[in-house]
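Q: The structure's right below; bear with me while I get my questions together.
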Amino acid sequence: MSKIKLQNVSVTYESKGSKYLAIQNINISVKEGEFLSIIGPSGCGKSTLLNLIAGLNFPSNGSILLDEDEIKGTGTERGVVFQHYSLFPWMTARKNIIFGLKQLNNGKNNEEIKKTADRYLDMVGLSNFKNKYPAQLSGGMQQRVAIARALAMNPDILLMDEPFGAVDAKNRAILQDLLLKIWEDGQHRKTVIFVTHDIDEAILLSDRIIIMTAGPGTVKREMDVPFKRPRERTMIVKTREYTDLRNHILDLFYDDLVQKIGGEEVLL
Amino acid sequence: MRKFINPANILFLCIVILELIPGKRPEGNIAYVLAFIFAAEIVCMIMVFVLKDKEKATAAGDVTSIIFGVVFLWELVVAKLDLLDKTLYPSAGQVFALFVSELPEMIKGMLNSLRILISGYTLALVIAVPAALVAGWRIRLYRVVKPLTKILGPIPPIVYIPYAIAILPTFRAASIFIIFIGAFWPIFINTLNGVFNIDKKIIDSAKVLNVKERAMLFEVILPGTIPSILSGATIGLVLSFILLTAAEMIGATSGLGWYVKYFSDFADYPRVVVGIIFIGIVVTLITFVMDKLEQYLLRWKK
């Protein structure tokens, strides 16, 4: 049984009378506990796709099923981490997490909520920064708080939209390792859908990669990532399979690019 | 020693020397001028030594210099040389002396004014903010309310004064109503625009946390709109004060606006000048409190 299932999903935007097809006929099925990455060039609709699963938008055609039920809106079983500005700037790091936990309405009292918030802050290494406002934290730290907030709510499904896109290379590696560790250590593995445009990131993290192309956004190819877990970034990049897989994905990207340039007149 | 040679201190000495020269106007009140400049000098000294920020310390010195410059010219032209009309232009000493003796009366007037101001203004704040939050959030309501604000908002509230005084039973009720109207629109319009322009990413991240409507309005949209609410609230407050003093000049029997109008009817211009200076001080204090409140409410912005 698949956890999430997209069937013939299309999204059409309408602006000033003209219609624009953002994504067309997407069919994706995600297994429970799977780590799935979606990669593609900008404008291929990968974020649109994630927003659909989050319940922030609805498809113009087709259906999206979560545990066999149509998605009708947002839900606490799905945690979302965006690329930027997902923290509330007027709340401290700790308050942001507490605010998230309070929305669960699961009858936990304030003391338990505070304890949970502190535990997750500790997990992302920000115990010393818990009373800082987002504006006082670096981009990487803010993202760690956002991840802590999503994880603290203990969702079944984690939806991540280029969560490390605005973070510098060193911090990105730290955050990737942190995410992998949390995901692999979990008793009950969460289903993760991870949007990125970074091929290495997708290979390092995922069980399966979906490659999308733009104009309109469609699924171009699906690929399994063969590496065993737990994965060590320094080890896997040295293997032949890694290079092959990476080149294969790059070819698909490149292919796309050539077709586009070939299709139009290019003035240089 | 060189530290003490600056424009403020030089002007300070000039005023002291000036006051020792006998002037053409007999009613000198030298003691009050001297008391004032000594007090100003002490405050300035303390500021310069206490403030760690060099630029702020310099600014404090400059402001004091300007005040001393004005007092010097005022005393020179009016009291010592007597170049201006006696009834229209009181000397600085006369004004400072009157300020002290009239202070209890003016404070009473201020309390009367502030009671009306706070009633009308608070009423506007507690109605305009929640109403605008809801109207900005519900898109259907927004489409109705937005054109309405464009029609009703720009009517200068001052034109309501005579009518409000005529239809409402007491001057107090009329003033509260006028202040309410005056403060309502700037607060409402600013809040409404603030809600409408709130960063969509903030709303999305609240939605994915499954925030219910009540929490969305009061725990997400309200704090997110605080910068806009504050700018509306500041405009509303200044407008309220203008409206109140204007209304008091028309129909009141007490208050700050009444004080100025009453004595100008008797051609008692020294008291008019004293009243104007006092109103200036009150407005400055109110704005100061407002600024502090703003700093506190927006402490999360770096």
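Numbering starts fresh at 1 for the residues of each chain in the structure tokens, the chains themselves are lettered A, B, ... in the order given, and ligands are numbered from 1 as they appear.
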Please identify all residues of chain B having at least one atom at most 12 Å from any atom of chain A, considering only C-alpha atoms, and return them as a ChimeraX atom specification.

A: /B:198-216,219-227,296-302

Q: Residues of the last selection are to be written out with N, CA, C and O atoms, as a CSV table (one decimal), in the first residue's frame.

A:
```
chain,number,residue,atom,x,y,z
B,198,ILE,N,0.5,40.9,4.4
B,198,ILE,CA,1.4,40.1,5.3
B,198,ILE,C,2.0,39.0,4.4
B,198,ILE,O,1.4,38.5,3.4
B,199,ASP,N,3.3,38.7,4.7
B,199,ASP,CA,4.1,37.8,3.9
B,199,ASP,C,3.3,36.4,3.8
B,199,ASP,O,3.0,35.8,4.8
B,200,LYS,N,3.1,36.0,2.6
B,200,LYS,CA,2.3,34.8,2.3
B,200,LYS,C,3.1,33.6,2.9
B,200,LYS,O,2.4,32.6,3.3
B,201,LYS,N,4.4,33.6,3.0
B,201,LYS,CA,5.1,32.5,3.6
B,201,LYS,C,4.8,32.3,5.0
B,201,LYS,O,4.8,31.2,5.5
B,202,ILE,N,4.5,33.4,5.7
B,202,ILE,CA,4.2,33.3,7.2
B,202,ILE,C,2.8,32.6,7.3
B,202,ILE,O,2.6,31.7,8.1
B,203,ILE,N,1.9,33.0,6.4
B,203,ILE,CA,0.5,32.4,6.4
B,203,ILE,C,0.7,30.9,6.1
B,203,ILE,O,0.1,30.0,6.8
B,204,ASP,N,1.5,30.6,5.1
B,204,ASP,CA,1.6,29.2,4.7
B,204,ASP,C,2.3,28.3,5.8
B,204,ASP,O,1.8,27.2,6.1
B,205,SER,N,3.3,28.9,6.5
B,205,SER,CA,3.9,28.1,7.5
B,205,SER,C,2.9,27.9,8.7
B,205,SER,O,3.0,26.9,9.4
B,206,ALA,N,2.0,28.9,8.9
B,206,ALA,CA,1.0,28.7,9.9
B,206,ALA,C,0.0,27.6,9.5
B,206,ALA,O,-0.4,26.8,10.3
B,207,LYS,N,-0.4,27.7,8.2
B,207,LYS,CA,-1.3,26.7,7.7
B,207,LYS,C,-0.8,25.3,7.8
B,207,LYS,O,-1.5,24.4,8.2
B,208,VAL,N,0.5,25.1,7.5
B,208,VAL,CA,1.0,23.7,7.6
B,208,VAL,C,1.1,23.2,9.0
B,208,VAL,O,1.3,22.0,9.3
B,209,LEU,N,1.1,24.2,10.0
B,209,LEU,CA,1.1,23.7,11.4
B,209,LEU,C,-0.4,23.5,11.8
B,209,LEU,O,-0.6,23.2,13.0
B,210,ASN,N,-1.3,23.6,10.9
B,210,ASN,CA,-2.7,23.3,11.1
B,210,ASN,C,-3.3,24.3,12.2
B,210,ASN,O,-4.1,23.9,13.0
B,211,VAL,N,-2.9,25.6,12.0
B,211,VAL,CA,-3.4,26.6,13.0
B,211,VAL,C,-4.9,26.9,12.7
B,211,VAL,O,-5.3,27.0,11.6
B,212,LYS,N,-5.7,26.9,13.8
B,212,LYS,CA,-7.1,27.2,13.6
B,212,LYS,C,-7.3,28.7,13.5
B,212,LYS,O,-6.4,29.4,13.8
B,213,GLU,N,-8.5,29.0,13.0
B,213,GLU,CA,-8.8,30.4,12.6
B,213,GLU,C,-8.5,31.4,13.7
B,213,GLU,O,-7.9,32.5,13.5
B,214,ARG,N,-8.9,31.1,15.0
B,214,ARG,CA,-8.7,32.0,16.1
B,214,ARG,C,-7.2,32.3,16.3
B,214,ARG,O,-6.8,33.5,16.4
B,215,ALA,N,-6.5,31.2,16.4
B,215,ALA,CA,-5.0,31.4,16.6
B,215,ALA,C,-4.4,32.1,15.4
B,215,ALA,O,-3.5,32.9,15.5
B,216,MET,N,-4.9,31.8,14.2
B,216,MET,CA,-4.4,32.4,13.0
B,216,MET,C,-4.5,33.9,13.1
B,216,MET,O,-3.6,34.7,12.8
B,219,GLU,N,-2.7,35.1,16.9
B,219,GLU,CA,-1.4,34.7,17.3
B,219,GLU,C,-0.4,34.8,16.1
B,219,GLU,O,0.8,34.7,16.2
B,220,VAL,N,-1.0,34.8,14.9
B,220,VAL,CA,-0.1,34.9,13.7
B,220,VAL,C,-0.3,36.2,13.0
B,220,VAL,O,0.6,37.0,12.8
B,221,ILE,N,-1.5,36.5,12.5
B,221,ILE,CA,-1.8,37.7,11.8
B,221,ILE,C,-1.6,39.0,12.6
B,221,ILE,O,-1.0,40.0,12.2
B,222,LEU,N,-2.1,39.0,13.8
B,222,LEU,CA,-2.0,40.2,14.7
B,222,LEU,C,-0.5,40.6,14.9
B,222,LEU,O,-0.1,41.7,14.6
B,223,PRO,N,0.3,39.6,15.4
B,223,PRO,CA,1.7,40.1,15.6
B,223,PRO,C,2.4,40.4,14.3
B,223,PRO,O,3.3,41.3,14.3
B,224,GLY,N,2.0,39.7,13.2
B,224,GLY,CA,2.6,40.0,11.9
B,224,GLY,C,2.3,41.3,11.4
B,224,GLY,O,3.0,41.9,10.6
B,225,THR,N,1.1,41.9,11.9
B,225,THR,CA,0.7,43.1,11.4
B,225,THR,C,1.1,44.3,12.3
B,225,THR,O,0.8,45.5,12.0
B,226,ILE,N,1.7,44.0,13.5
B,226,ILE,CA,2.0,45.0,14.5
B,226,ILE,C,2.7,46.2,13.8
B,226,ILE,O,2.4,47.4,14.2
B,227,PRO,N,3.7,46.0,12.9
B,227,PRO,CA,4.4,47.2,12.4
B,227,PRO,C,3.4,48.2,11.7
B,227,PRO,O,3.4,49.4,11.9
B,296,TYR,N,9.5,48.3,22.2
B,296,TYR,CA,9.2,47.0,23.0
B,296,TYR,C,8.5,46.0,22.1
B,296,TYR,O,8.9,44.8,22.0
B,297,LEU,N,7.4,46.5,21.4
B,297,LEU,CA,6.6,45.6,20.6
B,297,LEU,C,7.3,45.0,19.4
B,297,LEU,O,7.1,43.9,19.0
B,298,LEU,N,8.3,45.8,18.9
B,298,LEU,CA,9.1,45.3,17.7
B,298,LEU,C,10.5,44.8,18.1
B,298,LEU,O,11.4,44.9,17.3
B,299,ARG,N,10.7,44.4,19.3
B,299,ARG,CA,12.0,44.0,19.8
B,299,ARG,C,12.5,42.8,19.0
B,299,ARG,O,13.7,42.6,19.0
B,300,TRP,N,11.7,42.1,18.3
B,300,TRP,CA,12.1,40.9,17.6
B,300,TRP,C,12.7,41.3,16.2
B,300,TRP,O,13.3,40.5,15.6
B,301,LYS,N,12.6,42.6,15.9
B,301,LYS,CA,13.2,43.0,14.6
B,301,LYS,C,14.6,43.5,14.8
B,301,LYS,O,14.9,44.6,14.9
B,302,LYS,N,15.5,42.5,15.0
B,302,LYS,CA,17.0,42.8,15.2
B,302,LYS,C,17.3,43.6,16.4
B,302,LYS,O,16.6,44.5,16.8
```

Q: Do a neighbour search on Glu105 in chain B at 12 Å with only C-alpha atoms, toss out local chain neighbours closer than 3 positions, and write the hits as a PyMOL selection string.

A: chain B and resi 98-102+108-112+254-256+258-259+271+274-275+278

Q: Work out how far apart CA of Thr213 in chain A and CA of Cys44 in chain A are and give it in Å to one decimal.

A: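 Distance reported for this atom pair: 5.4 Å.
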
Q: Using DSSP secondary structure from the backbone, list all strand (DSSP E or B) positions within range 20-67 of chain A, as a PyMOL selection string.

A: chain A and resi 20-31+35-39+61-66

Q: Write a file of the selected residues as a tab-separated table (two decimals), in the first residue's frame, keeping N, CA and C atoms.

A:
```tsv
chain	number	residue	atom	x	y	z
A	20	TYR	N	-1.97	28.84	-17.78
A	20	TYR	CA	-0.59	28.38	-17.76
A	20	TYR	C	-0.55	27.02	-17.06
A	21	LEU	N	-0.06	26.03	-17.78
A	21	LEU	CA	-0.04	24.68	-17.24
A	21	LEU	C	1.26	24.50	-16.45
A	22	ALA	N	1.14	24.42	-15.13
A	22	ALA	CA	2.35	24.33	-14.30
A	22	ALA	C	2.87	22.90	-14.25
A	23	ILE	N	1.99	21.95	-13.95
A	23	ILE	CA	2.40	20.54	-13.99
A	23	ILE	C	1.32	19.72	-14.68
A	24	GLN	N	1.76	18.66	-15.34
A	24	GLN	CA	0.84	17.91	-16.18
A	24	GLN	C	0.99	16.41	-15.93
A	25	ASN	N	-0.15	15.78	-15.69
A	25	ASN	CA	-0.21	14.32	-15.61
A	25	ASN	C	0.88	13.66	-14.79
A	26	ILE	N	0.95	14.07	-13.54
A	26	ILE	CA	1.97	13.49	-12.68
A	26	ILE	C	1.40	12.25	-11.99
A	27	ASN	N	2.15	11.17	-12.05
A	27	ASN	CA	1.79	9.96	-11.32
A	27	ASN	C	2.97	9.56	-10.44
A	28	ILE	N	2.78	9.65	-9.16
A	28	ILE	CA	3.85	9.27	-8.25
A	28	ILE	C	3.22	8.47	-7.11
A	29	SER	N	3.94	7.45	-6.67
A	29	SER	CA	3.45	6.72	-5.51
A	29	SER	C	4.61	6.59	-4.52
A	30	VAL	N	4.34	6.95	-3.29
A	30	VAL	CA	5.39	6.94	-2.27
A	30	VAL	C	5.06	5.91	-1.21
A	31	LYS	N	6.03	5.02	-0.94
A	31	LYS	CA	5.80	3.97	0.06
A	31	LYS	C	5.99	4.53	1.47
A	35	PHE	N	12.27	7.47	1.59
A	35	PHE	CA	12.85	8.80	1.43
A	35	PHE	C	12.93	9.07	-0.06
A	36	LEU	N	12.05	9.95	-0.52
A	36	LEU	CA	11.96	10.24	-1.94
A	36	LEU	C	12.41	11.66	-2.22
A	37	SER	N	13.32	11.82	-3.22
A	37	SER	CA	13.71	13.17	-3.62
A	37	SER	C	13.10	13.51	-4.96
A	38	ILE	N	12.76	14.75	-5.11
A	38	ILE	CA	12.27	15.23	-6.40
A	38	ILE	C	13.27	16.29	-6.85
A	39	ILE	N	13.93	16.05	-8.00
A	39	ILE	CA	14.84	17.07	-8.48
A	39	ILE	C	14.44	17.50	-9.88
A	61	ASN	N	-6.71	18.95	-11.94
A	61	ASN	CA	-7.20	17.64	-12.38
A	61	ASN	C	-6.46	16.56	-11.61
A	62	GLY	N	-7.06	15.38	-11.55
A	62	GLY	CA	-6.42	14.25	-10.89
A	62	GLY	C	-6.64	14.29	-9.39
A	63	SER	N	-6.04	13.31	-8.69
A	63	SER	CA	-6.28	13.27	-7.25
A	63	SER	C	-5.00	12.92	-6.51
A	64	ILE	N	-4.95	13.36	-5.26
A	64	ILE	CA	-3.82	13.06	-4.39
A	64	ILE	C	-4.36	12.32	-3.17
A	65	LEU	N	-3.87	11.10	-2.97
A	65	LEU	CA	-4.40	10.29	-1.88
A	65	LEU	C	-3.35	10.15	-0.78
A	66	LEU	N	-3.81	10.30	0.45
A	66	LEU	CA	-2.96	10.07	1.60
A	66	LEU	C	-3.64	8.96	2.38
```
